[in-house]
Structure formats: structure tokens, C-alpha cells
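work10.cif (mmCIF, C-alpha atoms and all ligand atoms) appears below.
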data_query
#
loop_
_atom_site.label_atom_id
_atom_site.label_comp_id
_atom_site.auth_asym_id
_atom_site.auth_seq_id
_atom_site.Cartn_x
_atom_site.Cartn_y
_atom_site.Cartn_z
CA MET A 1 29.79 -28.40 18.72
CA ALA A 2 29.93 -27.81 14.97
CA ASP A 3 29.21 -24.31 13.67
CA ALA A 4 25.61 -23.48 12.84
CA LYS A 5 24.37 -24.17 9.33
CA ILE A 6 24.08 -20.89 7.43
CA ILE A 7 20.64 -20.50 5.88
CA ASP A 8 21.17 -19.14 2.37
CA GLY A 9 18.42 -16.55 1.96
CA LYS A 10 19.86 -15.42 -1.35
CA ALA A 11 19.54 -18.87 -2.91
CA LEU A 12 16.09 -19.47 -1.43
CA ALA A 13 14.93 -16.06 -2.71
CA GLN A 14 16.31 -16.86 -6.15
CA ASP A 15 14.28 -20.10 -6.23
CA LEU A 16 11.14 -18.26 -5.14
CA ARG A 17 11.64 -15.53 -7.75
CA ALA A 18 12.13 -18.18 -10.44
CA GLN A 19 8.93 -19.91 -9.32
CA VAL A 20 7.04 -16.58 -9.46
CA ALA A 21 8.50 -15.86 -12.93
CA ARG A 22 7.26 -19.24 -14.22
CA SER A 23 3.78 -18.53 -12.87
CA VAL A 24 3.79 -15.03 -14.38
CA ALA A 25 4.75 -16.46 -17.78
CA GLU A 26 1.89 -18.96 -17.53
CA LEU A 27 -0.55 -16.26 -16.45
CA LYS A 28 0.37 -14.18 -19.49
CA GLN A 29 0.10 -17.11 -21.86
CA ARG A 30 -3.12 -18.67 -20.56
CA HIS A 31 -5.02 -15.61 -19.39
CA GLY A 32 -3.36 -12.65 -21.17
CA LEU A 33 -2.71 -11.13 -17.75
CA THR A 34 0.51 -9.32 -16.77
CA PRO A 35 0.77 -8.63 -13.03
CA GLY A 36 1.73 -5.02 -12.42
CA ILE A 37 3.20 -3.35 -9.37
CA ALA A 38 3.26 0.38 -8.65
CA VAL A 39 6.08 1.48 -6.37
CA VAL A 40 5.79 4.95 -4.86
CA LEU A 41 8.80 6.82 -3.50
CA VAL A 42 8.40 10.17 -1.75
CA GLY A 43 11.58 12.16 -1.09
CA GLU A 44 15.26 11.46 -1.43
CA ASP A 45 16.10 8.97 1.33
CA PRO A 46 19.14 7.10 -0.10
CA ALA A 47 18.24 3.68 1.40
CA SER A 48 14.64 4.01 0.16
CA ARG A 49 15.85 4.86 -3.35
CA ILE A 50 17.93 1.67 -3.42
CA TYR A 51 15.01 -0.43 -2.11
CA VAL A 52 12.62 1.02 -4.72
CA ARG A 53 15.11 0.47 -7.54
CA ASN A 54 15.65 -3.16 -6.48
CA LYS A 55 11.93 -3.87 -6.14
CA ALA A 56 11.16 -2.44 -9.59
CA LYS A 57 14.13 -4.28 -11.15
CA GLN A 58 13.17 -7.64 -9.64
CA ALA A 59 9.53 -7.20 -10.68
CA VAL A 60 10.57 -6.65 -14.30
CA ALA A 61 12.97 -9.62 -14.13
CA ALA A 62 10.02 -11.79 -13.03
CA GLY A 63 8.07 -10.67 -16.12
CA MET A 64 5.83 -8.18 -14.31
CA ALA A 65 5.01 -4.61 -15.26
CA SER A 66 6.51 -2.07 -12.90
CA PHE A 67 5.37 1.53 -12.52
CA VAL A 68 7.67 3.69 -10.41
CA HIS A 69 6.30 7.02 -9.12
CA LYS A 70 8.95 9.33 -7.68
CA LEU A 71 7.51 12.30 -5.82
CA GLY A 72 9.33 15.26 -4.28
CA ALA A 73 10.06 15.51 -0.54
CA ASP A 74 7.52 18.40 -0.28
CA THR A 75 4.61 16.32 -1.65
CA THR A 76 1.41 16.91 0.32
CA GLN A 77 -0.67 14.13 1.83
CA ALA A 78 -3.57 15.17 -0.46
CA ASP A 79 -1.40 14.76 -3.56
CA LEU A 80 -0.19 11.34 -2.44
CA LEU A 81 -3.75 10.21 -1.63
CA ALA A 82 -4.86 11.39 -5.09
CA LEU A 83 -2.14 9.22 -6.65
CA ILE A 84 -3.24 6.23 -4.52
CA ASP A 85 -6.83 6.75 -5.79
CA ARG A 86 -5.61 6.67 -9.39
CA LEU A 87 -3.55 3.52 -8.76
CA ASN A 88 -6.50 1.83 -6.99
CA ALA A 89 -8.56 2.39 -10.16
CA ASP A 90 -5.79 1.44 -12.63
CA LYS A 91 -6.50 -1.99 -14.18
CA GLN A 92 -2.82 -2.51 -15.04
CA VAL A 93 -1.83 -2.20 -11.38
CA HIS A 94 -2.40 -5.20 -9.09
CA GLY A 95 -0.02 -4.23 -6.33
CA ILE A 96 0.67 -0.85 -4.72
CA LEU A 97 3.68 -0.29 -2.50
CA VAL A 98 4.42 3.01 -0.81
CA GLN A 99 8.02 2.99 0.38
CA LEU A 100 8.31 3.93 4.05
CA PRO A 101 9.32 6.10 5.85
CA LEU A 102 7.33 9.03 4.46
CA PRO A 103 8.21 12.70 5.08
CA ASP A 104 6.79 14.25 8.29
CA GLN A 105 3.93 16.15 6.62
CA ILE A 106 2.35 12.83 5.51
CA ALA A 107 0.61 10.43 7.93
CA ALA A 108 1.79 6.98 6.83
CA ASP A 109 -1.28 5.34 8.32
CA ALA A 110 -3.70 7.48 6.27
CA VAL A 111 -1.84 6.47 3.13
CA ILE A 112 -1.67 2.76 3.97
CA GLN A 113 -5.39 2.61 4.79
CA ALA A 114 -6.21 4.39 1.48
CA ILE A 115 -4.72 1.54 -0.56
CA ASP A 116 -7.29 -0.92 -1.95
CA PRO A 117 -6.79 -3.98 0.35
CA ALA A 118 -6.84 -6.20 -2.76
CA LYS A 119 -3.73 -4.35 -4.02
CA ASP A 120 -2.02 -4.02 -0.62
CA VAL A 121 1.04 -6.14 -1.47
CA ASP A 122 2.89 -4.93 1.63
CA GLY A 123 0.07 -6.45 3.71
CA PHE A 124 -0.14 -3.46 6.07
CA HIS A 125 -3.84 -2.54 5.55
CA ALA A 126 -6.14 -3.10 8.54
CA ILE A 127 -8.31 -5.45 6.44
CA ASN A 128 -5.36 -7.71 5.65
CA THR A 129 -4.09 -7.50 9.23
CA GLY A 130 -7.52 -8.56 10.51
CA LYS A 131 -7.81 -11.40 8.01
CA LEU A 132 -4.38 -12.64 9.03
CA ILE A 133 -5.41 -12.73 12.69
CA ILE A 134 -8.64 -14.67 12.11
CA GLY A 135 -7.07 -17.07 9.62
CA LEU A 136 -8.71 -15.87 6.37
CA PRO A 137 -6.65 -15.72 3.17
CA ALA A 138 -4.82 -12.39 3.23
CA LEU A 139 -1.94 -10.53 1.68
CA ALA A 140 0.55 -10.96 4.55
CA PRO A 141 3.56 -8.68 5.16
CA CYS A 142 6.57 -9.74 3.10
CA THR A 143 9.36 -9.79 5.68
CA PRO A 144 7.46 -12.00 8.17
CA VAL A 145 6.39 -14.38 5.38
CA GLY A 146 10.05 -14.61 4.33
CA CYS A 147 11.12 -15.33 7.94
CA VAL A 148 8.69 -18.25 8.20
CA MET A 149 9.88 -19.64 4.85
CA LEU A 150 13.49 -19.45 6.05
CA ALA A 151 12.68 -21.21 9.34
CA LYS A 152 10.74 -23.93 7.48
CA HIS A 153 13.62 -24.38 5.08
CA ALA A 154 15.97 -24.98 8.02
CA LEU A 155 13.68 -27.04 10.27
CA GLY A 156 10.99 -28.52 8.01
CA GLU A 157 8.02 -28.65 10.37
CA LEU A 158 7.53 -25.78 12.85
CA SER A 159 4.54 -27.23 14.69
CA GLY A 160 5.02 -27.32 18.47
CA ALA A 161 8.35 -25.47 18.37
CA HIS A 162 8.78 -22.60 20.81
CA ALA A 163 9.31 -19.45 18.72
CA VAL A 164 10.62 -16.33 20.45
CA VAL A 165 10.23 -13.07 18.51
CA VAL A 166 12.12 -9.96 19.63
CA GLY A 167 10.19 -6.90 18.39
CA ARG A 168 6.49 -6.06 18.18
CA SER A 169 6.26 -3.62 15.27
CA ASN A 170 3.24 -3.64 12.95
CA ILE A 171 5.58 -4.35 10.03
CA VAL A 172 7.56 -7.29 11.41
CA GLY A 173 6.99 -8.53 14.98
CA LYS A 174 3.17 -8.59 15.19
CA PRO A 175 2.37 -10.15 11.80
CA LEU A 176 5.24 -12.58 12.29
CA ALA A 177 3.64 -13.70 15.56
CA GLN A 178 0.37 -14.40 13.71
CA LEU A 179 2.13 -16.39 11.00
CA LEU A 180 3.99 -18.47 13.60
CA LEU A 181 0.71 -19.21 15.39
CA ARG A 182 -0.67 -20.39 12.04
CA GLU A 183 2.28 -22.79 11.92
CA ASN A 184 1.26 -24.07 15.38
CA CYS A 185 4.30 -22.69 17.17
CA THR A 186 4.27 -21.93 20.87
CA LEU A 187 4.93 -18.22 20.91
CA THR A 188 6.71 -15.61 23.02
CA ILE A 189 6.95 -11.97 21.92
CA CYS A 190 9.60 -9.76 23.51
CA HIS A 191 10.03 -6.02 23.24
CA SER A 192 11.89 -3.08 24.75
CA ARG A 193 10.15 -3.53 28.14
CA THR A 194 10.75 -7.27 28.44
CA ARG A 195 12.52 -8.20 31.68
CA ASP A 196 15.58 -10.44 31.54
CA LEU A 197 15.47 -10.61 27.76
CA ALA A 198 18.47 -12.96 27.50
CA ALA A 199 16.73 -15.57 29.65
CA VAL A 200 13.58 -15.38 27.52
CA THR A 201 15.33 -15.58 24.16
CA ALA A 202 17.27 -18.63 25.43
CA LEU A 203 13.97 -20.55 25.53
CA GLY A 204 13.43 -20.35 21.78
CA ASP A 205 13.79 -23.35 19.50
CA ILE A 206 13.34 -20.61 16.90
CA LEU A 207 14.66 -17.14 17.74
CA ILE A 208 13.70 -14.26 15.45
CA ALA A 209 15.37 -10.93 16.15
CA ALA A 210 13.64 -7.80 14.77
CA ALA A 211 14.57 -5.06 17.21
CA GLY A 212 16.81 -2.82 15.11
CA GLN A 213 19.62 -3.08 17.71
CA PRO A 214 23.04 -3.87 16.20
CA GLU A 215 24.42 -7.25 17.37
CA MET A 216 22.30 -7.17 20.54
CA VAL A 217 21.63 -10.92 20.69
CA LYS A 218 24.76 -12.58 22.10
CA GLY A 219 25.74 -16.24 21.99
CA GLY A 220 24.57 -16.78 25.58
CA TRP A 221 21.06 -15.57 24.63
CA ILE A 222 20.56 -18.49 22.25
CA LYS A 223 19.37 -22.01 23.05
CA PRO A 224 22.02 -24.46 21.78
CA GLY A 225 20.92 -25.82 18.41
CA ALA A 226 18.20 -23.16 17.88
CA CYS A 227 17.25 -21.78 14.47
CA VAL A 228 18.11 -18.06 14.48
CA ILE A 229 16.50 -15.69 11.98
CA ASP A 230 18.07 -12.22 12.00
CA VAL A 231 15.77 -9.54 10.57
CA GLY A 232 17.84 -6.56 11.67
CA ILE A 233 19.54 -4.33 9.13
CA ASN A 234 21.81 -1.89 10.94
CA ARG A 235 24.44 0.35 9.39
CA VAL A 236 27.47 0.63 11.66
CA GLU A 237 31.06 1.83 11.26
CA ASP A 238 33.86 -0.74 11.47
CA ALA A 239 37.26 -0.07 13.09
CA ALA A 240 38.58 1.46 9.84
CA GLY A 241 35.63 3.88 9.69
CA ASN A 242 33.86 2.09 6.82
CA THR A 243 30.10 1.56 6.94
CA LYS A 244 28.98 -2.04 7.11
CA LEU A 245 25.68 -3.84 7.60
CA VAL A 246 25.10 -5.94 10.70
CA GLY A 247 22.03 -7.69 12.02
CA ASP A 248 20.48 -7.73 15.48
CA VAL A 249 22.44 -10.90 16.28
CA ASP A 250 26.15 -11.11 17.07
CA PHE A 251 26.79 -13.46 14.16
CA ALA A 252 30.26 -14.70 15.18
CA GLN A 253 29.01 -15.68 18.66
CA ALA A 254 25.72 -17.12 17.43
CA LEU A 255 27.49 -19.31 14.89
CA LYS A 256 29.05 -21.26 17.79
CA VAL A 257 25.72 -21.93 19.56
CA ALA A 258 22.86 -21.99 17.05
CA GLY A 259 21.87 -24.96 14.89
CA SER A 260 21.12 -22.73 11.89
CA ILE A 261 21.29 -19.00 11.28
CA THR A 262 20.55 -16.42 8.58
CA PRO A 263 23.41 -14.04 7.66
CA VAL A 264 23.10 -10.25 7.25
CA PRO A 265 23.19 -9.41 4.43
CA GLY A 266 21.97 -12.40 2.40
CA GLY A 267 19.31 -13.77 4.77
CA VAL A 268 15.94 -12.16 5.34
CA GLY A 269 16.50 -9.15 3.02
CA PRO A 270 16.40 -11.02 -0.32
CA MET A 271 13.37 -13.03 0.86
CA THR A 272 11.44 -9.80 1.51
CA ILE A 273 11.61 -8.74 -2.14
CA ALA A 274 10.87 -12.27 -3.41
CA CYS A 275 7.77 -12.37 -1.15
CA LEU A 276 6.70 -8.98 -2.49
CA LEU A 277 6.71 -10.45 -6.01
CA ARG A 278 4.81 -13.48 -4.73
CA ASN A 279 2.20 -11.16 -3.16
CA THR A 280 1.87 -9.21 -6.41
CA LEU A 281 1.26 -12.44 -8.32
CA ARG A 282 -1.29 -13.52 -5.71
CA ALA A 283 -3.03 -10.13 -5.86
CA ALA A 284 -3.22 -10.29 -9.67
CA ARG A 285 -4.71 -13.80 -9.54
CA ALA A 286 -7.23 -12.83 -6.85
CA ILE A 287 -8.33 -9.66 -8.70
CA ALA A 288 -8.80 -11.76 -11.87
CA GLY A 289 -10.87 -14.30 -9.89
CA LEU A 290 -8.31 -17.09 -10.33
CA GLU A 291 -7.47 -19.68 -7.65
CA GLN A 292 -4.11 -19.35 -5.90
CA GLU A 293 -1.48 -21.91 -6.91
CA GLN A 294 -0.29 -22.63 -3.36
P1 LIG B 301 10.74 -0.89 14.90
O1 LIG B 301 11.73 0.10 15.43
O2 LIG B 301 9.44 -0.44 14.38
O3 LIG B 301 10.43 -1.96 16.05
C1 LIG B 301 11.45 -2.49 16.85
C2 LIG B 301 10.84 -3.38 17.91
O4 LIG B 301 11.90 -3.93 18.68
C3 LIG B 301 9.92 -2.64 18.87
O5 LIG B 301 8.74 -3.40 19.05
C4 LIG B 301 10.70 -2.55 20.18
O6 LIG B 301 9.88 -2.75 21.32
C5 LIG B 301 11.69 -3.71 20.05
N1 LIG B 301 12.97 -3.34 20.67
C6 LIG B 301 13.72 -2.24 20.43
N2 LIG B 301 14.81 -2.24 21.20
C7 LIG B 301 14.75 -3.35 21.97
C8 LIG B 301 15.57 -3.90 22.98
N3 LIG B 301 16.70 -3.29 23.35
N4 LIG B 301 15.19 -5.04 23.53
C9 LIG B 301 14.06 -5.68 23.16
N5 LIG B 301 13.25 -5.21 22.21
C10 LIG B 301 13.58 -4.07 21.62
O7 LIG B 301 11.55 -1.74 13.81
P2 LIG B 301 11.03 -2.70 12.62
O8 LIG B 301 10.50 -1.89 11.50
O9 LIG B 301 10.20 -3.80 13.19
O10 LIG B 301 12.43 -3.30 12.14
C11 LIG B 301 13.26 -4.02 13.03
C12 LIG B 301 14.59 -4.29 12.34
O11 LIG B 301 14.35 -5.09 11.19
C13 LIG B 301 15.32 -3.05 11.84
O12 LIG B 301 16.71 -3.27 11.96
C14 LIG B 301 14.93 -2.97 10.38
O13 LIG B 301 15.90 -2.31 9.59
C15 LIG B 301 14.86 -4.45 10.05
N6 LIG B 301 13.99 -4.77 8.91
C16 LIG B 301 14.49 -5.59 7.97
C17 LIG B 301 13.72 -5.97 6.89
C18 LIG B 301 14.30 -6.89 5.87
O14 LIG B 301 13.80 -6.98 4.77
N7 LIG B 301 15.36 -7.62 6.21
C19 LIG B 301 12.41 -5.50 6.77
C20 LIG B 301 11.89 -4.69 7.79
C21 LIG B 301 12.70 -4.33 8.86
#

Show how you would write the structure in this file as C-alpha cells.
Amino acid sequence: MADAKIIDGKALAQDLRAQVARSVAELKQRHGLTPGIAVVLVGEDPASRIYVRNKAKQAVAAGMASFVHKLGADTTQADLLALIDRLNADKQVHGILVQLPLPDQIAADAVIQAIDPAKDVDGFHAINTGKLIIGLPALAPCTPVGCVMLAKHALGELSGAHAVVVGRSNIVGKPLAQLLLRENCTLTICHSRTRDLAAVTALGDILIAAAGQPEMVKGGWIKPGACVIDVGINRVEDAAGNTKLVGDVDFAQALKVAGSITPVPGGVGPMTIACLLRNTLRAARAIAGLEQEQ
């Protein structure tokens, strides 16, 4: 069998960002409206700092306004909630993103639920989660939206396909399941208590791994010809002691079995940021009372 086709998330994300940038330019010209995103970072987590920098940079590159708020690691929950209140009221801000994880003294859920659902570009607010489940227009979480776009890019139509998702987090697994149901997939969700995981994953025409377990999914876990979307981002040490990024899928093995597969890095990651920009554009349009473009 030929090697799996590698799904180029970088290129697809670039196309999506370009599409968002064109829409932003048109929004400015026709309606005098510049979508703005506020990105809030609390503490010094090195990975979070990189994510925040990239998000702000990409927003500006798409023609948006970006407002970065860096707060100290000892910030209180009350101080953070006061900032969220100000951002909720700020007319220049259409999207609010609080980079997770937050320090221990702050309850992430209290902060997420304090964000105006209309500005919840991460799509984590209970209102958006509920709308997603009952099929109303909602700001949906960026990584799951990106996963569905990648699968559609590889397969075209998803309707009727059996999708197996490994992971049931509120950020990835659960919203992804809802989005796949919207695409009329038959759905199986696996998690850390699933029995005989390898046998279940091998049923998937689409297999999406979001468990945070380095290279857990082996070649034998994959249905021959399946579309494999690897959400995992795991930092591991190679034989020479250097840190490298790997996904939740054993890429070398999967390449021999799958029909198509996303690489790590360069698969789901770039799509997440592009979908964040898309959500910010959608939030700005909705707040201004404009129809969505697609
Ligand atoms: P999480 O830890 O919140 O959830 C992991 C889920 O996987 C849980 O539901 C758990 O039940 C399941 N799981 C854990 N170990 C398992 C096992 N051995 N077998 C079966 N199921 C198992 O993680 P998360 O926030 O959903 O993220 C998952 C992965 O995706 C992480 O590697 C994270 O870094 C990555 N991630 C990537 C992006 C991106 O943009 N590419 C975005 C978000 C998360």
C-alpha cells in the first residue's frame, strides 16, 4: 500500500488566514469596522507566552486590532474578572481569549463564564457549548473546528463516515463530537477508561486522537485507508537528549496504514490559530448585526 497522503495543515491554515484577511479588509472599507481581539496572559508559562505572541501576531497580520494583556503570576481572580468586565464593555474588542492554563489561585471556569458569550472566541462559554449541542449558530472551539476542516479537506464529504475520537475534554473531545454529529458522522468517543482501545480506534473511517499521550496510537490501531487527525502536542526528548514535538499518533507507523494523516507539527496547530481569527471575524460581524459570510 502507498504511504498515507499528508494533510498540509500549514497550507490550509494559510488559505484560511488569507480568506479572513480579505474579509477584514472589506469590513473596514464597507463598514468602518476593525475586528479586535484581546488576548490575556497570566503568569510566565513559556509555552503560553509563545501561543499568545503567535495569536497576537497573526491577528495583526490579518488586519485586526490586537490587545495583549500580560498579568503577573500572582494576579488574583478578582483582578482578572475586573479586566474581563472592562473587555466585555470595550467596543474595540470583539473577541476575548484568556490563555489557559491559569495559575492555581484562579478558577478557570469562573473566568470563562464571565466572558460575554458574544466575545467568547475560544467557544468555551456554557452558552456557546449549549448552542453547539442544539444546533444553533455558535462560536465553536477553534481546535475542533480546525479538525473538521482538515478531515473535510482530505475526504470531502464526512456524512455517514464512522468517526472515532480519542479524548473527551471540554476543549477538544466533546465539542469535536458535536461538530462531527453536525456533519452526520457516526460517532464513537473513547477516553482513559475505554476497554480495548485499539480495537475501537480500528473501526474509524476517521480517527481523531486528542489524548495528550505521546505516540500512543500505533499502526495496528488504525483502519487501513482511514483519515487520521492528530491533535496531540507532546514535548519529548529524542535519543540525543533534544526536545522535540510529537503527536498522539506514531506517525511513522500510521503513514503505512492510513489513507491520509496530519503531521505534528504542521497539522492541527496552525488551523487552531486560523480558526481563532475566523471566530473573531464572526464575532465582530455578529456584534455589528451583519450576516455571516459562510
Ligand atoms: P486533556 O488532558 O484535557 O484530555 C485528554 C483526554 O484524553 C481525556 O478525556 C482522557 O480521558 C483521554 N485520555 C487520556 N489518556 C488516555 C489513554 N491512555 N487512552 C484513552 N484516552 C485517554 O487534554 P486536551 O486539552 O483535550 O488536549 C489533548 C491533546 O491535544 C494534548 O496533547 C494537547 O496538548 C493537544 N492540544 C492541541 C491543540 C492544537 O492546537 N493542536 C489544542 C488543544 C490541545

- Query: Please, which residues have at least one atom within 8 Å of an atom of ligand LIG 301 (chain B), using all atoms listed in the file, listed as a count of residues only?
  - Reply: 37

- Query: Do you know which residues are at most 12 Å from A:Arg53 counting all atoms listed in the file, after dropping those on the same chain fewer than 2 positions away, and could you put them as a ChimeraX atom specification?
  - Reply: /A:38-41,46-51,55-60,66-70,99,273

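Nearest to A:Lys10 of all the residues A:Leu187, A:Ala258, A:Ala283, A:Val264 is A:Val264, based on only C-alpha atoms.
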
Size and centre in Å, one decimal, axis-aligned box, all listed stretch 201-208 of chain A atoms plus 6 Å per side, as AutoDock Vina command-line options:
--center_x 15.3 --center_y -18.8 --center_z 20.5 --size_x 15.9 --size_y 21.1 --size_z 22.1

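Atom CA of A:Ala82 is found 10.0 Å from atom CA of A:Val111.
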
- Query: To one decimal place, how far is atom CA of A:Cys275 from atom CA of A:Val145 in Å?
  - Reply: 7.0 Å

- Message: So that I can see what lies close to A:Gly135, please list as a PyMOL selection string the residues with an atom at most 9 Å from it, counting only C-alpha atoms and leaving out residues fewer than 4 positions away in the same chain.
- Response: chain A and resi 130-131+178+182

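Each of A:Thr76, A:Gln19, A:Gln253, A:Gln92 was checked against A:Ala288 using only C-alpha atoms; the smallest atom-to-atom distance is that of A:Gln92.
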
- Within 6 Å of (26.9, -2.7, 9.9), all atoms listed in the file: residues as an NGL selection string? :A and (234-236 or 244-246)

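Taking only C-alpha atoms into account, A:Val228 lies nearest to A:Ile6 out of the set A:Arg17, A:Leu27, A:Met1, A:Ile6.
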
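For the atom pair formed by atom CA of A:Leu102 and atom CA of A:Gly72, the distance is 10.9 Å, given to one decimal.
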
- Message: With all atoms listed in the file as the counted atoms, please give the residues lying no more than 7 Å from A:Pro35, apart from itself and same-chain residues fewer than 3 positions off, as a ChimeraX atom specification.
- Response: /A:64-65,94,280-281,284
